[in-house]
>>> print(open('work25.txt').read())   # compact mmCIF, C-alpha atoms
# COMPACT_ATOMS: atom_id res chain seq x y z
CA MET A 23 -8.93 -36.66 10.55
CA GLN A 24 -7.23 -34.44 8.02
CA GLN A 25 -9.67 -35.63 5.37
CA ILE A 26 -12.67 -34.70 7.49
CA PHE A 27 -11.25 -31.22 8.06
CA GLN A 28 -10.73 -30.71 4.38
CA ARG A 29 -14.24 -31.83 3.59
CA ILE A 30 -15.94 -29.45 6.00
CA ALA A 31 -13.53 -26.57 5.51
CA TRP A 32 -16.01 -24.79 3.30
CA LEU A 33 -18.73 -24.80 5.97
CA PRO A 34 -17.51 -21.89 8.16
CA PHE A 35 -16.76 -20.09 4.92
CA VAL A 36 -20.40 -20.37 3.82
CA ALA A 37 -21.54 -19.27 7.28
CA ALA A 38 -19.31 -16.17 7.08
CA ALA A 39 -20.68 -15.41 3.62
CA ALA A 40 -24.27 -15.67 4.85
CA ILE A 41 -23.58 -13.38 7.81
CA LEU A 42 -21.86 -10.76 5.66
CA PHE A 43 -24.57 -10.73 3.03
CA TYR A 44 -27.28 -10.50 5.65
CA ALA A 45 -25.55 -7.62 7.40
CA ALA A 46 -25.09 -5.74 4.12
CA ARG A 47 -28.81 -4.98 4.03
CA ASP A 48 -28.52 -2.75 7.08
CA LEU A 49 -25.60 -0.66 5.95
CA PRO A 50 -26.41 2.94 4.96
CA THR A 51 -27.17 3.70 1.34
CA ILE A 52 -24.09 4.58 -0.67
CA ALA A 53 -23.69 8.27 -1.58
CA ASP A 54 -26.16 9.40 1.04
CA PRO A 55 -25.00 12.75 2.49
CA ASN A 56 -26.84 12.06 5.74
CA ALA A 57 -25.08 8.78 6.43
CA PRO A 58 -23.60 8.53 9.92
CA ALA A 59 -20.06 8.48 8.54
CA SER A 60 -20.49 11.95 7.07
CA THR A 61 -22.31 13.86 9.76
CA HIS A 62 -20.50 13.50 13.06
CA VAL A 63 -16.76 14.13 12.94
CA SER A 64 -15.81 14.94 9.37
CA PRO A 65 -17.64 18.30 8.90
CA ARG A 66 -15.34 19.87 11.48
CA TYR A 67 -12.24 18.75 9.57
CA ILE A 68 -13.60 19.73 6.17
CA GLU A 69 -14.65 23.20 7.23
CA SER A 70 -11.58 24.23 9.16
CA ALA A 71 -8.78 22.50 7.24
CA VAL A 72 -7.72 25.46 5.08
CA ALA A 73 -8.14 28.12 7.73
CA GLU A 74 -6.17 26.35 10.42
CA THR A 75 -3.50 24.45 8.56
CA GLY A 76 -3.08 26.29 5.26
CA ALA A 77 -3.32 23.07 3.26
CA ALA A 78 -5.93 22.78 0.53
CA ASN A 79 -5.57 19.01 0.38
CA MET A 80 -7.65 17.86 3.33
CA VAL A 81 -6.20 14.36 3.39
CA THR A 82 -2.65 15.71 3.80
CA ALA A 83 -3.90 18.18 6.39
CA VAL A 84 -5.37 15.39 8.48
CA LEU A 85 -2.41 13.06 7.91
CA ALA A 86 0.45 15.46 8.56
CA ASP A 87 -1.10 17.95 10.93
CA TYR A 88 -4.12 16.78 12.89
CA ARG A 89 -2.96 13.17 13.11
CA ALA A 90 0.80 13.61 12.83
CA TYR A 91 1.47 11.21 15.69
CA ASP A 92 -0.19 8.33 13.85
CA THR A 93 1.91 9.07 10.79
CA LEU A 94 5.02 8.94 12.98
CA GLY A 95 4.00 5.45 14.11
CA GLU A 96 3.40 4.42 10.52
CA THR A 97 6.82 5.63 9.42
CA VAL A 98 8.45 3.68 12.21
CA VAL A 99 6.47 0.62 11.08
CA ILE A 100 7.92 0.97 7.58
CA LEU A 101 11.44 1.25 8.96
CA THR A 102 10.89 -1.78 11.18
CA ALA A 103 9.66 -3.82 8.21
CA GLY A 104 12.84 -2.96 6.31
CA LEU A 105 14.99 -3.94 9.29
CA ALA A 106 13.05 -7.19 9.70
CA CYS A 107 13.68 -8.10 6.05
CA LEU A 108 17.35 -7.41 6.54
CA LEU A 109 17.42 -9.56 9.65
CA VAL A 110 15.59 -12.50 8.08
CA LEU A 111 17.67 -12.77 4.95
CA GLY A 112 21.00 -11.76 6.48
CA ALA A 113 22.48 -9.45 3.88
CA PHE A 114 25.41 -8.38 6.00
CA THR A 115 27.07 -11.78 6.25
CA PRO A 116 27.52 -14.01 3.22
CA ALA A 117 24.34 -16.05 3.09
CA ARG A 118 24.58 -19.77 3.62
CA SER A 119 23.10 -21.31 0.55
CA GLY A 120 20.76 -24.22 1.21
CA PRO A 121 20.45 -27.40 -0.83
CA THR A 122 18.41 -25.86 -3.62
CA GLU A 123 19.68 -22.32 -4.01
CA LYS A 124 19.94 -21.54 -7.68
CA LYS A 125 23.19 -20.26 -9.01
CA ALA A 126 22.78 -16.52 -8.77
CA THR A 127 22.76 -15.01 -12.23
CA PRO A 128 23.23 -11.31 -12.89
CA TYR A 129 19.91 -9.60 -12.62
CA GLU A 130 19.54 -7.52 -15.75
CA PHE A 131 17.65 -7.38 -19.00
CA GLY A 132 20.59 -6.41 -21.12
CA SER A 133 18.50 -5.04 -23.94
CA ASP A 134 19.50 -1.81 -25.64
CA ILE A 135 16.01 -0.46 -26.13
CA VAL A 136 15.12 -0.79 -22.47
CA ASP A 137 18.43 0.75 -21.51
CA ALA A 138 17.98 3.81 -23.72
CA THR A 139 14.36 4.33 -22.72
CA SER A 140 15.12 4.11 -19.05
CA ARG A 141 17.92 6.65 -19.41
CA LEU A 142 15.36 9.08 -20.79
CA LEU A 143 12.71 8.33 -18.21
CA ILE A 144 14.55 8.19 -14.92
CA PRO A 145 15.34 11.93 -14.49
CA PHE A 146 11.70 12.77 -15.16
CA ILE A 147 10.48 10.15 -12.72
CA SER A 148 12.73 11.47 -9.94
CA LEU A 149 11.69 15.05 -10.66
CA PHE A 150 8.06 14.05 -10.55
CA ALA A 151 8.63 12.36 -7.21
CA PHE A 152 10.00 15.59 -5.73
CA TYR A 153 7.14 17.58 -7.26
CA VAL A 154 4.57 15.23 -5.71
CA VAL A 155 6.10 15.59 -2.25
CA VAL A 156 6.35 19.37 -2.31
CA HIS A 157 2.86 19.83 -3.76
CA GLY A 158 1.25 17.59 -1.21
CA HIS A 159 -0.66 20.57 0.15
CA THR A 160 -2.52 21.70 -2.90
CA SER A 161 -2.88 18.62 -5.07
CA PRO A 162 -3.09 14.90 -4.47
CA GLY A 163 0.27 13.80 -3.22
CA GLY A 164 2.35 13.78 -0.08
CA GLY A 165 5.25 11.89 1.36
CA PHE A 166 4.14 8.31 0.70
CA GLN A 167 3.33 8.75 -2.96
CA GLY A 168 6.57 10.63 -3.67
CA GLY A 169 8.59 8.02 -1.80
CA ALA A 170 7.03 5.15 -3.76
CA ILE A 171 7.68 6.88 -7.10
CA CYS A 172 11.30 7.70 -6.27
CA ALA A 173 11.86 4.11 -5.11
CA ALA A 174 10.34 2.90 -8.40
CA ALA A 175 12.86 5.02 -10.31
CA ILE A 176 15.81 3.56 -8.39
CA ILE A 177 14.45 0.02 -8.77
CA LEU A 178 14.15 0.63 -12.51
CA VAL A 179 17.85 1.42 -12.63
CA ARG A 180 18.61 -1.79 -10.75
CA LEU A 181 16.44 -3.88 -13.03
CA VAL A 182 18.03 -2.61 -16.18
CA ARG A 183 21.65 -2.43 -15.25
CA GLY A 184 22.10 -5.28 -12.81
CA ARG A 185 24.13 -5.25 -9.66
CA ALA A 186 26.49 -2.35 -10.39
CA PRO A 187 24.21 0.57 -11.17
CA ALA A 188 24.75 4.28 -11.05
CA PHE A 189 22.95 4.69 -7.70
CA ARG A 190 25.14 2.39 -5.70
CA LEU A 191 23.58 1.94 -2.26
CA LEU A 192 24.67 -0.83 0.03
CA PRO A 193 22.17 -1.93 2.68
CA THR A 194 24.29 -0.15 5.29
CA TYR A 195 23.70 3.20 3.65
CA THR A 196 20.04 2.51 2.94
CA VAL A 197 19.31 1.70 6.57
CA ALA A 198 21.14 4.86 7.60
CA ILE A 199 19.10 6.98 5.17
CA GLY A 200 15.86 5.45 6.39
CA SER A 201 16.78 6.20 9.98
CA ILE A 202 17.63 9.79 9.04
CA GLY A 203 14.09 10.15 7.70
CA VAL A 204 12.54 9.08 11.00
CA LEU A 205 15.00 11.37 12.77
CA VAL A 206 13.83 14.35 10.71
CA TYR A 207 10.25 13.55 11.62
CA THR A 208 10.89 13.15 15.34
CA GLY A 209 13.22 16.14 15.34
CA THR A 210 10.44 18.36 14.03
CA GLY A 211 8.30 17.19 16.91
CA LEU A 212 11.02 17.61 19.52
CA VAL A 213 11.86 21.18 18.47
CA SER A 214 8.39 22.21 19.60
CA LEU A 215 9.11 20.82 23.03
CA PHE A 216 11.99 23.24 23.43
CA PHE A 217 9.66 26.19 22.82
CA GLU A 218 7.12 25.22 25.49
CA LYS A 219 4.55 23.71 23.17
CA ASN A 220 3.32 20.15 22.82
CA PHE A 221 5.12 17.43 20.86
CA LEU A 222 4.45 17.87 17.12
CA ASP A 223 2.63 21.17 17.71
CA TYR A 224 3.81 23.18 14.72
CA SER A 225 3.08 26.57 16.24
CA GLY A 226 6.23 26.17 18.33
CA LEU A 227 8.69 26.03 15.43
CA PRO A 228 11.20 28.92 15.32
CA LEU A 229 10.48 29.99 11.74
CA PRO A 230 9.55 33.53 10.60
CA PHE A 231 6.00 32.57 9.58
CA HIS A 232 2.66 32.89 11.29
CA GLY A 233 -0.56 31.00 11.62
CA GLY A 234 -1.45 28.75 8.71
CA HIS A 235 1.89 29.26 6.94
CA LEU A 236 3.84 28.03 9.95
CA ARG A 237 1.81 24.85 10.14
CA GLU A 238 2.27 24.38 6.42
CA MET A 239 6.05 24.52 6.82
CA GLY A 240 5.88 22.10 9.73
CA SER A 241 3.92 19.55 7.77
CA LEU A 242 6.28 20.01 4.79
CA SER A 243 9.29 19.07 6.91
CA VAL A 244 7.39 16.09 8.28
CA GLU A 245 6.46 14.94 4.78
CA THR A 246 10.13 15.21 3.76
CA GLY A 247 11.06 12.83 6.56
CA VAL A 248 8.39 10.39 5.43
CA PHE A 249 9.61 10.63 1.81
CA ILE A 250 13.20 9.82 2.76
CA THR A 251 12.20 6.85 4.88
CA VAL A 252 9.78 5.34 2.36
CA THR A 253 12.29 5.58 -0.51
CA ALA A 254 15.13 4.08 1.49
CA VAL A 255 13.08 1.19 2.89
CA MET A 256 11.53 0.22 -0.45
CA VAL A 257 14.97 0.13 -2.08
CA LEU A 258 16.32 -1.81 0.93
CA ILE A 259 13.62 -4.48 0.70
CA PHE A 260 14.20 -4.82 -3.04
CA ASP A 261 17.95 -5.22 -2.51
CA VAL A 262 17.46 -7.79 0.23
CA LEU A 263 15.02 -9.82 -1.87
CA THR A 264 17.29 -9.99 -4.89
CA MET A 265 20.63 -10.49 -3.24
CA GLY A 266 21.95 -13.95 -3.96
CA SER A 267 24.81 -15.97 -2.52
CA GLU A 268 27.27 -13.60 -4.13
CA GLU A 269 27.95 -10.28 -2.46
CA MET B 1 -32.34 0.16 -10.42
CA GLU B 2 -33.15 2.06 -7.30
CA ALA B 3 -30.48 3.23 -4.91
CA GLU B 4 -31.13 0.63 -2.20
CA THR B 5 -30.64 -2.38 -4.47
CA LEU B 6 -27.57 -0.90 -6.12
CA SER B 7 -26.03 -0.21 -2.70
CA PHE B 8 -26.73 -3.77 -1.64
CA VAL B 9 -25.10 -5.16 -4.79
CA ASN B 10 -21.98 -3.05 -4.24
CA TYR B 11 -21.67 -4.04 -0.62
CA CYS B 12 -22.10 -7.69 -1.58
CA LEU B 13 -19.35 -7.41 -4.18
CA ALA B 14 -16.99 -5.89 -1.63
CA ALA B 15 -17.89 -8.66 0.84
CA SER B 16 -17.32 -11.32 -1.82
CA LEU B 17 -13.88 -9.86 -2.53
CA PHE B 18 -13.13 -10.23 1.18
CA LEU B 19 -14.40 -13.82 1.09
CA ILE B 20 -12.28 -14.66 -1.96
CA GLY B 21 -9.23 -13.48 -0.07
CA LEU B 22 -10.22 -15.52 2.96
CA TYR B 23 -10.84 -18.61 0.84
CA GLY B 24 -7.45 -18.20 -0.80
CA ILE B 25 -5.69 -18.10 2.56
CA LEU B 26 -7.50 -21.18 3.82
CA ALA B 27 -7.68 -23.41 0.79
CA ARG B 28 -4.63 -22.83 -1.41
CA PRO B 29 -1.62 -24.92 -0.37
CA HIS B 30 1.09 -22.84 -1.95
CA LEU B 31 2.55 -20.13 0.28
CA VAL B 32 2.88 -17.45 -2.42
CA ARG B 33 -0.80 -17.84 -3.24
CA LYS B 34 -1.67 -17.41 0.41
CA LEU B 35 0.28 -14.18 0.37
CA MET B 36 -1.54 -12.91 -2.71
CA ALA B 37 -4.86 -13.80 -1.08
CA MET B 38 -3.87 -11.79 2.01
CA ASN B 39 -3.22 -8.80 -0.23
CA ILE B 40 -6.60 -9.24 -1.88
CA LEU B 41 -8.15 -9.30 1.61
CA GLN B 42 -6.50 -5.99 2.47
CA VAL B 43 -7.63 -4.34 -0.74
CA ALA B 44 -11.18 -5.54 -0.06
CA VAL B 45 -11.20 -3.79 3.32
CA ILE B 46 -9.86 -0.60 1.72
CA VAL B 47 -12.59 -0.76 -0.94
CA PHE B 48 -15.24 -1.04 1.77
CA PHE B 49 -13.99 2.03 3.64
CA ILE B 50 -13.75 4.15 0.51
CA ILE B 51 -17.31 3.20 -0.43
CA LEU B 52 -18.46 4.37 3.00
CA GLY B 53 -16.94 7.81 2.52
CA TYR B 54 -18.61 8.69 -0.77
CA LYS B 55 -21.25 11.43 -1.13
CA SER B 56 -23.36 12.19 -4.17
CA ASP B 57 -22.66 15.43 -6.09
CA ALA B 58 -19.50 16.08 -4.11
CA THR B 59 -15.96 16.77 -5.26
CA PRO B 60 -12.77 15.03 -4.09
CA PRO B 61 -11.44 16.42 -0.80
CA ILE B 62 -9.26 19.23 -2.13
CA VAL B 63 -10.56 22.71 -1.44
CA ARG B 64 -11.27 24.62 -4.64
CA HIS B 65 -9.37 27.75 -5.40
CA GLY B 66 -11.98 30.40 -4.77
CA ASP B 67 -13.83 28.65 -1.97
CA GLU B 68 -13.34 30.59 1.26
CA THR B 69 -15.69 28.67 3.55
CA PRO B 70 -16.04 25.05 2.52
CA ILE B 71 -19.37 23.45 3.29
CA ALA B 72 -19.16 19.83 4.36
CA ARG B 73 -21.93 18.77 1.96
CA ASN B 74 -19.84 19.58 -1.10
CA TYR B 75 -16.72 17.56 -0.29
CA ILE B 76 -16.14 13.86 0.00
CA ASN B 77 -15.27 12.68 3.51
CA PRO B 78 -11.46 12.76 3.86
CA LEU B 79 -11.14 10.71 7.05
CA PRO B 80 -11.48 7.20 5.54
CA HIS B 81 -8.91 8.18 2.88
CA THR B 82 -6.38 8.98 5.58
CA LEU B 83 -6.86 5.67 7.34
CA MET B 84 -6.61 3.76 4.09
CA LEU B 85 -3.34 5.47 3.15
CA THR B 86 -1.87 4.00 6.31
CA ALA B 87 -3.41 0.63 5.48
CA ILE B 88 -1.87 0.48 2.01
CA VAL B 89 1.61 1.27 3.27
CA VAL B 90 1.32 -1.26 6.10
CA SER B 91 0.18 -3.90 3.60
CA VAL B 92 3.22 -3.40 1.38
CA SER B 93 5.52 -3.61 4.39
CA THR B 94 3.89 -6.86 5.49
CA THR B 95 4.21 -8.26 1.96
CA GLY B 96 7.92 -7.42 1.89
CA VAL B 97 8.66 -9.15 5.19
CA ALA B 98 6.54 -12.17 4.23
CA LEU B 99 8.41 -12.56 0.95
CA ALA B 100 11.73 -12.45 2.79
CA LEU B 101 10.47 -15.21 5.08
CA LEU B 102 9.31 -17.26 2.08
CA ILE B 103 12.72 -17.07 0.46
CA ARG B 104 14.29 -18.21 3.71
CA ILE B 105 11.87 -21.15 3.97
CA HIS B 106 12.58 -22.17 0.39
CA ARG B 107 16.29 -21.99 0.97
CA ARG B 108 16.00 -24.23 4.01
CA PHE B 109 13.44 -26.82 2.91
CA GLY B 110 13.46 -26.65 -0.86
CA THR B 111 9.71 -26.40 -1.27
CA LEU B 112 6.96 -23.86 -0.77
CA ASP B 113 3.98 -26.17 -0.70
CA GLU B 114 2.24 -26.39 2.65
CA SER B 115 1.58 -30.13 2.68
CA GLU B 116 5.18 -30.95 1.79
CA LEU B 117 6.36 -28.54 4.48
CA MET B 118 4.20 -30.28 7.09
CA GLU B 119 5.78 -33.59 6.09
CA LYS B 120 9.29 -32.23 6.40
CA LEU B 121 8.67 -30.57 9.72
CA LYS B 122 7.75 -33.82 11.46
CA MET C 26 -26.89 7.76 -6.35
CA ILE C 27 -23.83 5.84 -7.39
CA ALA C 28 -23.06 5.27 -11.06
CA PRO C 29 -23.32 1.70 -12.41
CA ILE C 30 -19.79 1.86 -13.81
CA VAL C 31 -18.53 1.53 -10.25
CA THR C 32 -20.34 -1.79 -9.93
CA LEU C 33 -18.79 -2.86 -13.25
CA PHE C 34 -15.27 -2.16 -12.03
CA LEU C 35 -15.96 -3.93 -8.77
CA ALA C 36 -17.14 -7.01 -10.68
CA MET C 37 -13.98 -6.92 -12.81
CA MET C 38 -11.89 -6.76 -9.64
CA VAL C 39 -13.66 -9.85 -8.31
CA LEU C 40 -12.96 -11.70 -11.57
CA CYS C 41 -9.28 -10.71 -11.49
CA ALA C 42 -9.01 -11.89 -7.88
CA ILE C 43 -10.53 -15.29 -8.71
CA ALA C 44 -8.25 -15.63 -11.74
CA ALA C 45 -5.10 -14.71 -9.80
CA LEU C 46 -5.75 -17.55 -7.37
CA GLN C 47 -6.55 -20.18 -9.98
CA VAL C 48 -3.85 -19.83 -12.65
CA SER C 49 -1.17 -22.48 -12.36
CA ASP C 50 1.74 -20.37 -13.58
CA LEU C 51 2.91 -18.10 -10.74
CA LEU C 52 4.29 -15.42 -13.04
CA GLY C 53 0.92 -15.16 -14.77
CA ALA C 54 -0.76 -14.92 -11.39
CA VAL C 55 1.51 -12.00 -10.49
CA VAL C 56 0.65 -10.21 -13.73
CA ILE C 57 -3.07 -10.68 -13.06
CA PHE C 58 -2.46 -9.39 -9.55
CA GLY C 59 -0.89 -6.27 -11.06
CA ALA C 60 -4.01 -5.82 -13.19
CA PHE C 61 -6.10 -6.20 -10.01
CA SER C 62 -4.13 -3.36 -8.39
CA PHE C 63 -4.63 -1.22 -11.46
CA PHE C 64 -8.40 -1.82 -11.49
CA SER C 65 -8.60 -0.97 -7.83
CA ALA C 66 -6.74 2.30 -8.50
CA ILE C 67 -9.30 3.22 -11.18
CA PHE C 68 -12.12 2.26 -8.80
CA PHE C 69 -10.75 4.59 -6.14
CA THR C 70 -10.52 7.41 -8.68
CA LEU C 71 -14.15 6.87 -9.68
CA LEU C 72 -15.18 7.18 -6.04
CA GLY C 73 -13.25 10.42 -5.60
CA ALA C 74 -10.42 9.09 -3.42
CA LEU C 75 -7.53 10.62 -5.32
CA ASP C 76 -4.76 10.22 -2.74
CA VAL C 77 -5.63 6.59 -2.13
CA ALA C 78 -5.73 5.88 -5.89
CA PHE C 79 -2.34 7.54 -6.39
CA THR C 80 -0.77 5.55 -3.57
CA GLU C 81 -2.35 2.28 -4.67
CA ALA C 82 -1.18 2.77 -8.26
CA ALA C 83 2.38 3.69 -7.24
CA ILE C 84 2.74 1.00 -4.60
CA GLY C 85 0.55 -1.78 -5.95
CA ALA C 86 1.65 -1.69 -9.56
CA ALA C 87 5.28 -0.66 -9.19
CA ILE C 88 6.44 -1.96 -5.85
CA THR C 89 4.39 -5.02 -4.90
CA THR C 90 4.57 -6.56 -8.38
CA VAL C 91 8.36 -6.14 -8.48
CA PHE C 92 8.68 -7.72 -5.02
CA PHE C 93 6.59 -10.72 -6.05
CA VAL C 94 8.50 -11.20 -9.31
CA SER C 95 11.85 -11.07 -7.56
CA ALA C 96 10.67 -13.61 -4.96
CA ILE C 97 9.32 -15.96 -7.64
CA TYR C 98 12.59 -15.64 -9.52
CA ARG C 99 14.32 -17.12 -6.49
CA THR C 100 11.85 -19.98 -6.01
CA HIS C 101 9.61 -22.07 -8.26
CA ARG C 102 7.61 -20.73 -11.09
CA LYS C 103 5.02 -23.37 -11.97
CA VAL C 104 2.85 -24.71 -9.21
CA THR C 105 -0.59 -26.13 -8.70
>>> encode(input="work25.txt", output="structure tokens")
Amino acid sequence: MQQIFQRIAWLPFVAAAAILFYAARDLPTIADPNAPASTHVSPRYIESAVAETGAANMVTAVLADYRAYDTLGETVVILTAGLACLLVLGAFTPARSGPTEKKATPYEFGSDIVDATSRLLIPFISLFAFYVVVHGHTSPGGGFQGGAICAAAIILVRLVRGRAPAFRLLPTYTVAIGSIGVLVYTGTGLVSLFFEKNFLDYSGLPLPFHGGHLREMGSLSVETGVFITVTAVMVLIFDVLTMGSEE
Amino acid sequence: MEAETLSFVNYCLAASLFLIGLYGILARPHLVRKLMAMNILQVAVIVFFIILGYKSDATPPIVRHGDETPIARNYINPLPHTLMLTAIVVSVSTTGVALALLIRIHRRFGTLDESELMEKLK
Amino acid sequence: MIAPIVTLFLAMMVLCAIAALQVSDLLGAVVIFGAFSFFSAIFFTLLGALDVAFTEAAIGAAITTVFFVSAIYRTHRKVT
């Protein structure tokens, strides 16, 4: 029975290929400005993004201002993925090693050239990560990109120096930092509730700005929360994946 | 090449990327390869959405410095980009959790090959 | 009218995807997968999606490749 399944396994695959290639003839021409994707909803966002939100980067304006609730859900998804990794591999208790667990060796390169180069690069990488987050309004960037770059800097330190690096973060602290990021995000939304506006409505924040500037500050605080969470969870997943039977 | 044929070729390449990912999930017995194929599947979907949002003679969706009233014809559609940002981050989260599960499976059974796993699970 | 270089990059992405699933050494497959992420980042830049390209380059090349390498380090390296 298994053999028959393996023989005909390519048949539904060919059927799916035929259907997709046949349907591709009816899709709108690429780069057509009158395609349905470009004429119904998006002109409203393109034309009023700067005037209403004060952000020149339309993607950040939609992500952090018009659709801030979806971004809250996404940030919680990232945090949940980090917690799920922690739960599966059990980094709080000493892991039971199975029959084929390799003897955990120290995880470092140990080469002098890589060490010296990384010492030069890491401050610039971290600074660039902060720059990308803060300039998310006027240039390509935002919370996710900055978080990934900062996590890459910290992971670089771990790769070069092994288990006892300069940024010493146990999984306890990393989970706490990730949760603080989500708290910052939700807190920004809840503050508006106290001033008789909707959840995540930035015009209710008690800051001395008006109009577009106020919404810009609101989305900046939200992007900071996203940055903190993304950095912490990426470093947490890396730690959990490389932790051996030793502590 | 006229625009219609070139569009069809591009859509077919994006669809074939999707099908390569699907084939990898179905036909490769090793679990890490299945995971890589799932990632290829996700990137194929992102490619398709970004292709849908493109306009000819338009700039990326960042308002230029002196432009007071942006006209929608001159800027690329920013809505698919927003959705795909979410999709990329969700895909890396899923990959992280799946890799943690794979390490756990390997620690318990000693192998990552699907056929050997089916034998050991009986 | 879309430029033909976009089709070229898409074809190279398809080739990288096929190669990443066929190579028998898992570490080589991960490196080819990193090249696939890089090509997709360039493709997104050519189509004007700057934020998506930035995120894909930062996450695909730096984070996903490191995750895969650390998982392969804990398990086998050469498979069919």
>>> closest_atom_pairs(input="work25.txt", of="chain C", to="chain A", cutoff="12 Å", atoms="only C-alpha atoms", output="CSV")
residue,atom,partner,partner_atom,distance
C:Met26,CA,A:Ala53,CA,5.8
C:Ile27,CA,A:Ala53,CA,6.3
C:Ala28,CA,A:Ala53,CA,10.0
C:Val31,CA,A:Ile52,CA,11.5
C:Thr32,CA,A:Ile52,CA,11.8
C:Thr70,CA,A:Pro162,CA,11.4
C:Leu72,CA,A:Ala53,CA,9.7
C:Gly73,CA,A:Pro162,CA,11.2
C:Ala74,CA,A:Pro162,CA,9.4
C:Leu75,CA,A:Pro162,CA,6.2
C:Asp76,CA,A:Pro162,CA,5.3
C:Val77,CA,A:Pro162,CA,9.0
C:Ala78,CA,A:Pro162,CA,9.5
C:Phe79,CA,A:Gln167,CA,6.7
C:Thr80,CA,A:Gln167,CA,5.2
C:Glu81,CA,A:Gln167,CA,8.8
C:Ala82,CA,A:Gln167,CA,9.2
C:Ala83,CA,A:Ala170,CA,6.0
C:Ile84,CA,A:Ala170,CA,6.0
C:Gly85,CA,A:Ala170,CA,9.7
C:Ala86,CA,A:Ala174,CA,9.9
C:Ala87,CA,A:Ala174,CA,6.2
C:Ile88,CA,A:Ala174,CA,6.7
C:Thr89,CA,A:Met256,CA,9.9
C:Thr90,CA,A:Ala174,CA,11.1
C:Val91,CA,A:Phe260,CA,8.1
C:Phe92,CA,A:Phe260,CA,6.5
C:Phe93,CA,A:Leu263,CA,9.5
C:Val94,CA,A:Thr264,CA,9.9
C:Ser95,CA,A:Thr264,CA,6.2
C:Ala96,CA,A:Leu263,CA,6.5
C:Ile97,CA,A:Leu263,CA,10.2
C:Tyr98,CA,A:Thr264,CA,8.7
C:Arg99,CA,A:Lys124,CA,7.2
C:Thr100,CA,A:Lys124,CA,8.4
C:His101,CA,A:Lys124,CA,10.4
>>> residues_near_point(input="work25.txt", point="(-11.6, -5.0, 0.6)", cutoff="9 Å", atoms="only C-alpha atoms", output="tab-separated table (two decimals) with C-alpha atoms, keeping the file's coordinate frame")
chain	number	residue	atom	x	y	z
B	14	ALA	CA	-16.99	-5.89	-1.63
B	15	ALA	CA	-17.89	-8.66	0.84
B	16	SER	CA	-17.32	-11.32	-1.82
B	17	LEU	CA	-13.88	-9.86	-2.53
B	18	PHE	CA	-13.13	-10.23	1.18
B	21	GLY	CA	-9.23	-13.48	-0.07
B	40	ILE	CA	-6.60	-9.24	-1.88
B	41	LEU	CA	-8.15	-9.30	1.61
B	42	GLN	CA	-6.50	-5.99	2.47
B	43	VAL	CA	-7.63	-4.34	-0.74
B	44	ALA	CA	-11.18	-5.54	-0.06
B	45	VAL	CA	-11.20	-3.79	3.32
B	46	ILE	CA	-9.86	-0.60	1.72
B	47	VAL	CA	-12.59	-0.76	-0.94
B	48	PHE	CA	-15.24	-1.04	1.77
B	49	PHE	CA	-13.99	2.03	3.64
>>> atom_distance(input="work25.txt", atom1="atom CA of A:Arg237", atom2="atom CA of A:Ala71")
11.2 Å
>>> closest_residue(input="work25.txt", among="B:Asp67, B:Glu114, B:Leu121, B:His30", to="chain A", atoms="only C-alpha atoms")
B:Asp67
>>> closest_residue(input="work25.txt", among="C:Leu33, C:Leu71, C:Cys41, C:Leu46", to="chain B", atoms="only C-alpha atoms")
C:Leu46
>>> atom_distance(input="work25.txt", atom1="atom CA of A:Ile26", atom2="atom CA of B:Ser115")
15.7 Å
>>> closest_atom_pairs(input="work25.txt", of="chain A", to="chain B", cutoff="8 Å", atoms="all atoms listed in the file", output="CSV")
residue,atom,partner,partner_atom,distance
A:Phe35,CA,B:Tyr23,CA,7.3
A:Ala39,CA,B:Leu19,CA,7.0
A:Leu42,CA,B:Ala15,CA,6.6
A:Phe43,CA,B:Cys12,CA,6.0
A:Ala46,CA,B:Tyr11,CA,6.1
A:Arg47,CA,B:Phe8,CA,6.2
A:Thr51,CA,B:Ser7,CA,5.7
A:Ile52,CA,B:Ser7,CA,5.6
A:Ala53,CA,B:Lys55,CA,4.0
A:Asp54,CA,B:Lys55,CA,5.7
A:Pro55,CA,B:Lys55,CA,5.4
A:Ala59,CA,B:Gly53,CA,6.8
A:Ser60,CA,B:Asn77,CA,6.4
A:Ser64,CA,B:Asn77,CA,6.3
A:Pro65,CA,B:Ala72,CA,5.0
A:Ile68,CA,B:Ala72,CA,5.8
A:Glu69,CA,B:Pro70,CA,5.2
A:Val72,CA,B:Val63,CA,7.6
A:Ala78,CA,B:Val63,CA,5.0
A:Asn79,CA,B:Ile62,CA,4.5
A:Met80,CA,B:Pro61,CA,5.8
A:Val81,CA,B:Pro78,CA,5.5
A:Thr82,CA,B:Thr82,CA,7.9
A:Val84,CA,B:Thr82,CA,7.1
A:Leu85,CA,B:Thr82,CA,6.2
A:Thr93,CA,B:Thr86,CA,7.8
A:Glu96,CA,B:Thr86,CA,6.8
A:Val99,CA,B:Val90,CA,7.4
A:Ile100,CA,B:Ser93,CA,6.1
A:Ala103,CA,B:Ser93,CA,5.6
A:Gly104,CA,B:Val97,CA,7.6
A:Ala106,CA,B:Val97,CA,6.6
A:Cys107,CA,B:Val97,CA,5.2
A:Val110,CA,B:Leu101,CA,6.5
A:Leu111,CA,B:Ala100,CA,6.3
A:Ser119,CA,B:Arg107,CA,6.9
A:Gly120,CA,B:Arg107,CA,5.0
A:Pro121,CA,B:Gly110,CA,7.0
A:Thr122,CA,B:Gly110,CA,5.7
A:Glu123,CA,B:Arg107,CA,6.0
A:Thr160,CA,B:Ile62,CA,7.2
A:Ser161,CA,B:Ile62,CA,7.1
A:Pro162,CA,B:Ile62,CA,7.9
A:Phe166,CA,B:Val89,CA,7.9
A:Ile259,CA,B:Gly96,CA,6.5
A:Val262,CA,B:Ala100,CA,7.8
A:Leu263,CA,B:Ala100,CA,6.3
